[in-house]
Amino acid sequence: MNWISIDQEKCDGCKLCVVRCPRCFSKQDGIIVAQADIDNCNLCGHCLALCKPQAIVHEKMDMNNFPEVDSDANFDTKTFIQFIRNRRSHRHFKNKAIPKEDLETLIDTCRYAPTGSNVQTVETIVLQDQDRIKKLSDLTVDVFAKFGEQAKKDIERLKGDGKEIPETVLRGKMYGERLQESREAGLDPIFHRSPVVMIFHSPKLSSAPKDNCVIASTTLSLLARTMGIESTYIGLFVGASKDNPEILGELQLPPDNEMYSVLIMGYPRLKFHYTVDRKPIKTRWE
């Protein structure tokens with residue numbers, strides 16, 4: 001079954017569709033023809049975006065969702081660099097809910113973030129129930145507390161054997177102690193009582209699932225800044241989920257899916273007055 005049709009009266013014969021996607025388009029007897037199906041079309045939509053006279057119709061895509069490119073919708077370089085540098089990881093939020101329509105806008109825009117092989121398999125869970133968030137936080141702290149106890153035993157054993165203690169073992173002890181102390185002090189050391197926890201997951205066997213989720217969450221977090229919403233990544237929760245099946249049971253992900261990125265989000269309580277320094281990236285030019 002062919003997914004694409006071409007209005008030959010509109011087609012100006014520019015052949016840009018053939019250049020971009022020779023698997024689906026070709027020129028035969030002086031006209032452009034197409035054969036697109038599940039075997040050769042990954043629904044990228046580039047052929048439609050390149051066709052100025054709009055001669056191409058794709059039955060698997062929303063033809064009303066191809067607005068004209070706005071060349072003026074852009075940042076100058078210095079402004080965009082400043083926008084990137086202004087971003088901070090926020091863990092202190094106001095006790096203020098994020099409107100559902102803003103969350104829906106963020107999620108809807110996420111679908112335009114790139115994915116490996118254009119699989120478009122990123123899914124999200126939006127947690128706002130504070131009781132559920134606390135339970136997931138406690139389960140995460142429990143995992144690291146267990147790591148910390150084991151790290152203490154390993155440290156004593158390594159000291160007794162006169163061996164060097166690996167950085168990972170020292171870090172495990174530190175996290176175990178620090179997270180427990182914070183919880184005992186009445187704090188939430190995982191989600192920091194944020195109004196929203198957003199989880200990005202994907203089928204494990206899709207193309208580049210972790211990259212897709214991280215790109216989607218980064219896209220969403222930057223867009224959120226334009227709404228006055230700040231965020232930070234919570235890798236501890238992702239790590240803990242690999243060692244405690246109860247966490248994944250609570251999330252009820254689809255059977256073949258895995259969690260790859262997690263954001264906490266809210267309106268910030270702290271205002272940063274300056275950007276911060278970062279180490280230069282090591283680069284080798286060839």
# chains A, B, ... in the order shown; residues from 1 in each chain; ligands from 1
>>> select_by_dssp(residues="segment 101-239 of chain A", states="alpha helix (DSSP H)", output="short mmCIF file (atom, residue, chain, number, x, y, z; two decimals) with C-alpha atoms, in the first residue's frame")
data_model
loop_
_atom_site.label_atom_id
_atom_site.label_comp_id
_atom_site.auth_asym_id
_atom_site.auth_seq_id
_atom_site.Cartn_x
_atom_site.Cartn_y
_atom_site.Cartn_z
CA GLU A 101 -2.27 23.47 29.97
CA ASP A 102 1.40 24.49 30.36
CA LEU A 103 2.41 20.89 31.04
CA GLU A 104 0.43 19.79 27.99
CA THR A 105 2.20 22.41 25.86
CA LEU A 106 5.59 21.21 27.10
CA ILE A 107 4.80 17.57 26.36
CA ASP A 108 3.25 18.32 22.97
CA THR A 109 6.30 20.32 21.89
CA CYS A 110 8.54 17.43 22.99
CA GLN A 130 2.68 14.14 46.58
CA ASP A 131 1.96 10.90 48.44
CA ARG A 132 3.13 8.82 45.46
CA ILE A 133 6.15 11.06 44.98
CA LYS A 134 7.11 10.61 48.64
CA LYS A 135 6.75 6.84 48.39
CA LEU A 136 9.04 6.75 45.35
CA SER A 137 11.51 9.00 47.15
CA ASP A 138 11.56 6.68 50.17
CA LEU A 139 12.09 3.63 47.98
CA THR A 140 15.03 5.40 46.33
CA VAL A 141 16.61 6.39 49.64
CA ASP A 142 16.21 2.79 50.84
CA VAL A 143 18.25 1.57 47.86
CA PHE A 144 21.10 3.96 48.57
CA ALA A 145 20.97 3.26 52.30
CA LYS A 146 21.54 -0.40 51.45
CA PHE A 147 24.43 0.56 49.17
CA GLY A 148 25.87 2.68 51.98
CA GLU A 149 25.78 -0.17 54.49
CA GLN A 150 27.50 -2.48 52.05
CA ALA A 151 30.08 0.23 51.29
CA LYS A 152 30.93 0.53 55.01
CA LYS A 153 31.61 -3.21 55.16
CA ASP A 154 33.73 -3.03 52.01
CA ILE A 155 35.73 -0.14 53.41
CA GLU A 156 36.50 -2.00 56.63
CA ARG A 157 37.49 -5.11 54.70
CA LEU A 158 39.73 -3.18 52.31
CA LYS A 159 41.37 -1.31 55.18
CA GLY A 160 42.05 -4.61 56.94
CA GLU A 167 36.23 6.15 44.75
CA THR A 168 32.96 4.38 43.91
CA VAL A 169 32.91 2.67 47.32
CA LEU A 170 33.59 5.94 49.16
CA ARG A 171 30.87 7.64 47.13
CA GLY A 172 28.41 4.85 47.92
CA LYS A 173 29.01 5.32 51.64
CA MET A 174 28.63 9.09 51.32
CA TYR A 175 25.34 8.90 49.39
CA GLY A 176 23.90 6.33 51.75
CA GLU A 177 24.63 8.47 54.81
CA ARG A 178 23.70 11.79 53.25
CA LEU A 179 20.34 10.68 51.88
CA GLN A 180 19.31 8.99 55.11
CA GLU A 181 20.28 12.02 57.17
CA SER A 182 18.26 14.30 54.91
CA ARG A 183 15.19 12.07 55.11
CA GLU A 184 15.46 11.86 58.91
CA PRO A 209 16.10 4.91 23.58
CA LYS A 210 18.22 6.65 26.21
CA ASP A 211 19.40 9.34 23.81
CA ASN A 212 15.83 9.94 22.69
CA CYS A 213 14.57 10.41 26.25
CA VAL A 214 17.46 12.67 27.27
CA ILE A 215 17.04 14.83 24.16
CA ALA A 216 13.29 15.06 24.83
CA SER A 217 13.75 15.98 28.49
CA THR A 218 16.41 18.57 27.63
CA THR A 219 14.14 20.11 24.99
CA LEU A 220 11.30 20.24 27.49
CA SER A 221 13.44 21.73 30.26
CA LEU A 222 14.68 24.55 28.04
CA LEU A 223 11.19 25.35 26.78
CA ALA A 224 9.95 25.35 30.38
CA ARG A 225 12.37 28.17 31.18
CA GLY A 235 19.70 10.49 38.03
CA LEU A 236 19.55 8.93 41.52
CA PHE A 237 15.99 7.80 40.88
CA VAL A 238 16.88 6.25 37.52
CA GLY A 239 19.81 4.43 39.11
#
>>> closest_atom_pairs(of="segment 50-98 of chain A", to="segment 22-38 of chain A", cutoff="12 Å", atoms="only C-alpha atoms", output="Markdown table")
| residue | atom | partner | partner_atom | distance |
| --- | --- | --- | --- | --- |
| A:Ala55 | CA | A:Ile32 | CA | 10.4 |
| A:Ile56 | CA | A:Ala34 | CA | 9.3 |
| A:Val57 | CA | A:Ala34 | CA | 10.5 |
| A:His58 | CA | A:Ala36 | CA | 8.9 |
| A:Glu59 | CA | A:Ala36 | CA | 10.2 |
| A:Lys60 | CA | A:Asp37 | CA | 9.5 |
>>> atom_distance(atom1="atom CA of Trp285 of chain A", atom2="atom CA of Ala208 of chain A")
26.7 Å
>>> residues_around(residues="Ser89 of chain A", least_positions_apart="2", cutoff="12 Å", atoms="only C-alpha atoms", output="list in words")
Ile84, Arg85, Asn86, Arg87, Arg91, His92, Phe93, Thr218, Ser221, Leu222, Arg225, Ile229, Glu230, Ser231, Thr232, Tyr233, Ile234, Leu263, Ile264, Met265, Gly266, Pro268, Leu270, Lys271, Phe272, Thr275 and Val276 of chain A
>>> write_last_selection(atoms="N, CA and C atoms", output="PDB file, in the first residue's frame")
ATOM      1  N   ILE A  84      21.359  29.743  27.465  1.00  0.00           N
ATOM      2  CA  ILE A  84      21.939  28.474  27.921  1.00  0.00           C
ATOM      3  C   ILE A  84      22.681  28.672  29.241  1.00  0.00           C
ATOM      4  N   ARG A  85      23.450  29.734  29.352  1.00  0.00           N
ATOM      5  CA  ARG A  85      24.237  29.958  30.564  1.00  0.00           C
ATOM      6  C   ARG A  85      23.359  30.346  31.753  1.00  0.00           C
ATOM      7  N   ASN A  86      22.213  30.940  31.487  1.00  0.00           N
ATOM      8  CA  ASN A  86      21.300  31.316  32.577  1.00  0.00           C
ATOM      9  C   ASN A  86      20.648  30.108  33.233  1.00  0.00           C
ATOM     10  N   ARG A  87      20.632  28.977  32.529  1.00  0.00           N
ATOM     11  CA  ARG A  87      19.986  27.783  33.083  1.00  0.00           C
ATOM     12  C   ARG A  87      20.752  27.277  34.287  1.00  0.00           C
ATOM     13  N   ARG A  91      16.393  23.067  42.811  1.00  0.00           N
ATOM     14  CA  ARG A  91      15.853  22.077  43.732  1.00  0.00           C
ATOM     15  C   ARG A  91      15.001  22.720  44.828  1.00  0.00           C
ATOM     16  N   HIS A  92      14.758  24.008  44.728  1.00  0.00           N
ATOM     17  CA  HIS A  92      13.916  24.723  45.687  1.00  0.00           C
ATOM     18  C   HIS A  92      12.784  25.385  44.899  1.00  0.00           C
ATOM     19  N   PHE A  93      11.563  24.931  45.181  1.00  0.00           N
ATOM     20  CA  PHE A  93      10.427  25.399  44.395  1.00  0.00           C
ATOM     21  C   PHE A  93       9.350  26.030  45.278  1.00  0.00           C
ATOM     22  N   THR A 218      15.647  17.328  27.739  1.00  0.00           N
ATOM     23  CA  THR A 218      16.407  18.573  27.628  1.00  0.00           C
ATOM     24  C   THR A 218      15.617  19.607  26.853  1.00  0.00           C
ATOM     25  N   SER A 221      12.942  20.889  29.164  1.00  0.00           N
ATOM     26  CA  SER A 221      13.436  21.729  30.263  1.00  0.00           C
ATOM     27  C   SER A 221      13.805  23.122  29.780  1.00  0.00           C
ATOM     28  N   LEU A 222      14.337  23.232  28.569  1.00  0.00           N
ATOM     29  CA  LEU A 222      14.685  24.552  28.036  1.00  0.00           C
ATOM     30  C   LEU A 222      13.430  25.339  27.683  1.00  0.00           C
ATOM     31  N   ARG A 225      11.775  26.928  30.687  1.00  0.00           N
ATOM     32  CA  ARG A 225      12.371  28.172  31.184  1.00  0.00           C
ATOM     33  C   ARG A 225      11.667  29.390  30.607  1.00  0.00           C
ATOM     34  N   ILE A 229       9.414  28.272  34.432  1.00  0.00           N
ATOM     35  CA  ILE A 229       9.490  26.984  35.127  1.00  0.00           C
ATOM     36  C   ILE A 229      10.923  26.464  35.036  1.00  0.00           C
ATOM     37  N   GLU A 230      11.482  26.065  36.162  1.00  0.00           N
ATOM     38  CA  GLU A 230      12.842  25.537  36.182  1.00  0.00           C
ATOM     39  C   GLU A 230      12.819  24.057  36.559  1.00  0.00           C
ATOM     40  N   SER A 231      13.956  23.407  36.392  1.00  0.00           N
ATOM     41  CA  SER A 231      13.979  21.952  36.569  1.00  0.00           C
ATOM     42  C   SER A 231      15.389  21.480  36.892  1.00  0.00           C
ATOM     43  N   THR A 232      15.490  20.195  37.198  1.00  0.00           N
ATOM     44  CA  THR A 232      16.785  19.534  37.265  1.00  0.00           C
ATOM     45  C   THR A 232      16.594  18.042  37.030  1.00  0.00           C
ATOM     46  N   TYR A 233      17.675  17.382  36.620  1.00  0.00           N
ATOM     47  CA  TYR A 233      17.639  15.950  36.348  1.00  0.00           C
ATOM     48  C   TYR A 233      17.868  15.170  37.637  1.00  0.00           C
ATOM     49  N   ILE A 234      17.153  14.053  37.783  1.00  0.00           N
ATOM     50  CA  ILE A 234      17.272  13.231  38.984  1.00  0.00           C
ATOM     51  C   ILE A 234      17.780  11.846  38.587  1.00  0.00           C
ATOM     52  N   LEU A 263      12.886  14.417  35.340  1.00  0.00           N
ATOM     53  CA  LEU A 263      13.001  15.830  35.698  1.00  0.00           C
ATOM     54  C   LEU A 263      12.104  16.135  36.888  1.00  0.00           C
ATOM     55  N   ILE A 264      12.582  16.998  37.804  1.00  0.00           N
ATOM     56  CA  ILE A 264      11.683  17.648  38.754  1.00  0.00           C
ATOM     57  C   ILE A 264      11.499  19.073  38.249  1.00  0.00           C
ATOM     58  N   MET A 265      10.281  19.609  38.421  1.00  0.00           N
ATOM     59  CA  MET A 265       9.963  20.896  37.822  1.00  0.00           C
ATOM     60  C   MET A 265       9.106  21.733  38.750  1.00  0.00           C
ATOM     61  N   GLY A 266       9.253  23.040  38.640  1.00  0.00           N
ATOM     62  CA  GLY A 266       8.420  23.944  39.412  1.00  0.00           C
ATOM     63  C   GLY A 266       8.865  25.382  39.228  1.00  0.00           C
ATOM     64  N   PRO A 268      10.762  28.479  40.591  1.00  0.00           N
ATOM     65  CA  PRO A 268      11.907  28.539  41.505  1.00  0.00           C
ATOM     66  C   PRO A 268      11.709  29.501  42.675  1.00  0.00           C
ATOM     67  N   LEU A 270      14.602  30.312  44.425  1.00  0.00           N
ATOM     68  CA  LEU A 270      15.884  31.007  44.459  1.00  0.00           C
ATOM     69  C   LEU A 270      16.125  31.735  43.140  1.00  0.00           C
ATOM     70  N   LYS A 271      16.660  32.938  43.227  1.00  0.00           N
ATOM     71  CA  LYS A 271      16.990  33.712  42.034  1.00  0.00           C
ATOM     72  C   LYS A 271      18.506  33.851  41.949  1.00  0.00           C
ATOM     73  N   PHE A 272      19.071  33.331  40.873  1.00  0.00           N
ATOM     74  CA  PHE A 272      20.517  33.436  40.661  1.00  0.00           C
ATOM     75  C   PHE A 272      20.828  34.763  39.980  1.00  0.00           C
ATOM     76  N   THR A 275      25.758  33.990  36.244  1.00  0.00           N
ATOM     77  CA  THR A 275      26.021  32.682  35.658  1.00  0.00           C
ATOM     78  C   THR A 275      27.265  32.104  36.346  1.00  0.00           C
ATOM     79  N   VAL A 276      27.579  30.846  36.066  1.00  0.00           N
ATOM     80  CA  VAL A 276      28.673  30.190  36.787  1.00  0.00           C
ATOM     81  C   VAL A 276      29.759  29.707  35.830  1.00  0.00           C
TER      82      VAL A 276
END
>>> residues_around(residues="segment 202-207 of chain A", least_positions_apart="4", cutoff="6 Å", atoms="only C-alpha atoms", output="list in words")
Gly116, Thr121, Val122, Glu123, Asp256, Asn257 and Glu258 of chain A
>>> select_by_dssp(residues="segment 4-68 of chain A", states="strand (DSSP E or B)", output="ChimeraX atom specification")
/A:4-6,25-28,31-34,56-58
>>> write_last_selection(atoms="C-alpha atoms", output="PDB file, in the first residue's frame")
ATOM      1  CA  ILE A   4       2.105   8.959  -0.661  1.00  0.00           C
ATOM      2  CA  SER A   5       0.340  10.562  -3.578  1.00  0.00           C
ATOM      3  CA  ILE A   6       1.581  13.425  -5.775  1.00  0.00           C
ATOM      4  CA  PHE A  25      10.797   9.026  -4.886  1.00  0.00           C
ATOM      5  CA  SER A  26      12.020   8.701  -8.443  1.00  0.00           C
ATOM      6  CA  LYS A  27      11.524  10.303 -11.835  1.00  0.00           C
ATOM      7  CA  GLN A  28       9.866   8.125 -14.434  1.00  0.00           C
ATOM      8  CA  ILE A  31       7.274  12.887 -13.862  1.00  0.00           C
ATOM      9  CA  ILE A  32       7.993  12.408 -10.155  1.00  0.00           C
ATOM     10  CA  VAL A  33       6.472   9.234  -8.696  1.00  0.00           C
ATOM     11  CA  ALA A  34       6.496   7.870  -5.162  1.00  0.00           C
ATOM     12  CA  ILE A  56       2.816  15.741  -1.867  1.00  0.00           C
ATOM     13  CA  VAL A  57       0.142  14.146   0.338  1.00  0.00           C
ATOM     14  CA  HIS A  58       1.100  11.602   3.015  1.00  0.00           C
TER      15      HIS A  58
END
>>> residues_around(residues="Lys52 of chain A", least_positions_apart="6", cutoff="12 Å", atoms="only C-alpha atoms", output="list in words")
Lys10, Cys11, Asp12, Gly13, Cys14, Lys15, Leu16, Cys17, His46, Phe66, Pro67, Glu68 and Val69 of chain A
>>> write_last_selection(atoms="N, CA and C atoms", output="PDB file, in the first residue's frame")
ATOM      1  N   LYS A  10       0.289  20.306  -9.345  1.00  0.00           N
ATOM      2  CA  LYS A  10       1.034  21.203  -8.469  1.00  0.00           C
ATOM      3  C   LYS A  10       2.540  20.986  -8.572  1.00  0.00           C
ATOM      4  N   CYS A  11       2.966  19.770  -8.876  1.00  0.00           N
ATOM      5  CA  CYS A  11       4.390  19.432  -8.880  1.00  0.00           C
ATOM      6  C   CYS A  11       5.133  20.259  -9.927  1.00  0.00           C
ATOM      7  N   ASP A  12       6.220  20.926  -9.493  1.00  0.00           N
ATOM      8  CA  ASP A  12       7.008  21.746 -10.416  1.00  0.00           C
ATOM      9  C   ASP A  12       8.257  21.027 -10.913  1.00  0.00           C
ATOM     10  N   GLY A  13       8.394  19.732 -10.546  1.00  0.00           N
ATOM     11  CA  GLY A  13       9.508  18.943 -11.052  1.00  0.00           C
ATOM     12  C   GLY A  13      10.863  19.308 -10.486  1.00  0.00           C
ATOM     13  N   CYS A  14      10.908  19.937  -9.321  1.00  0.00           N
ATOM     14  CA  CYS A  14      12.198  20.366  -8.756  1.00  0.00           C
ATOM     15  C   CYS A  14      13.075  19.196  -8.327  1.00  0.00           C
ATOM     16  N   LYS A  15      12.516  18.057  -8.076  1.00  0.00           N
ATOM     17  CA  LYS A  15      13.213  16.815  -7.699  1.00  0.00           C
ATOM     18  C   LYS A  15      13.871  16.859  -6.320  1.00  0.00           C
ATOM     19  N   LEU A  16      13.522  17.828  -5.467  1.00  0.00           N
ATOM     20  CA  LEU A  16      14.107  17.865  -4.126  1.00  0.00           C
ATOM     21  C   LEU A  16      13.694  16.637  -3.317  1.00  0.00           C
ATOM     22  N   CYS A  17      12.494  16.138  -3.555  1.00  0.00           N
ATOM     23  CA  CYS A  17      12.045  14.929  -2.858  1.00  0.00           C
ATOM     24  C   CYS A  17      12.895  13.731  -3.263  1.00  0.00           C
ATOM     25  N   HIS A  46      10.193  14.942   5.750  1.00  0.00           N
ATOM     26  CA  HIS A  46      11.083  15.883   5.055  1.00  0.00           C
ATOM     27  C   HIS A  46      10.637  16.159   3.629  1.00  0.00           C
ATOM     28  N   PHE A  66       1.688  20.998   9.095  1.00  0.00           N
ATOM     29  CA  PHE A  66       2.895  21.390   8.376  1.00  0.00           C
ATOM     30  C   PHE A  66       2.876  22.895   8.121  1.00  0.00           C
ATOM     31  N   PRO A  67       2.880  23.703   9.179  1.00  0.00           N
ATOM     32  CA  PRO A  67       2.861  25.163   8.977  1.00  0.00           C
ATOM     33  C   PRO A  67       4.126  25.640   8.287  1.00  0.00           C
ATOM     34  N   GLU A  68       4.033  26.769   7.647  1.00  0.00           N
ATOM     35  CA  GLU A  68       5.181  27.323   6.939  1.00  0.00           C
ATOM     36  C   GLU A  68       6.282  27.710   7.921  1.00  0.00           C
ATOM     37  N   VAL A  69       7.529  27.469   7.529  1.00  0.00           N
ATOM     38  CA  VAL A  69       8.679  27.824   8.363  1.00  0.00           C
ATOM     39  C   VAL A  69       8.714  29.333   8.576  1.00  0.00           C
TER      40      VAL A  69
END
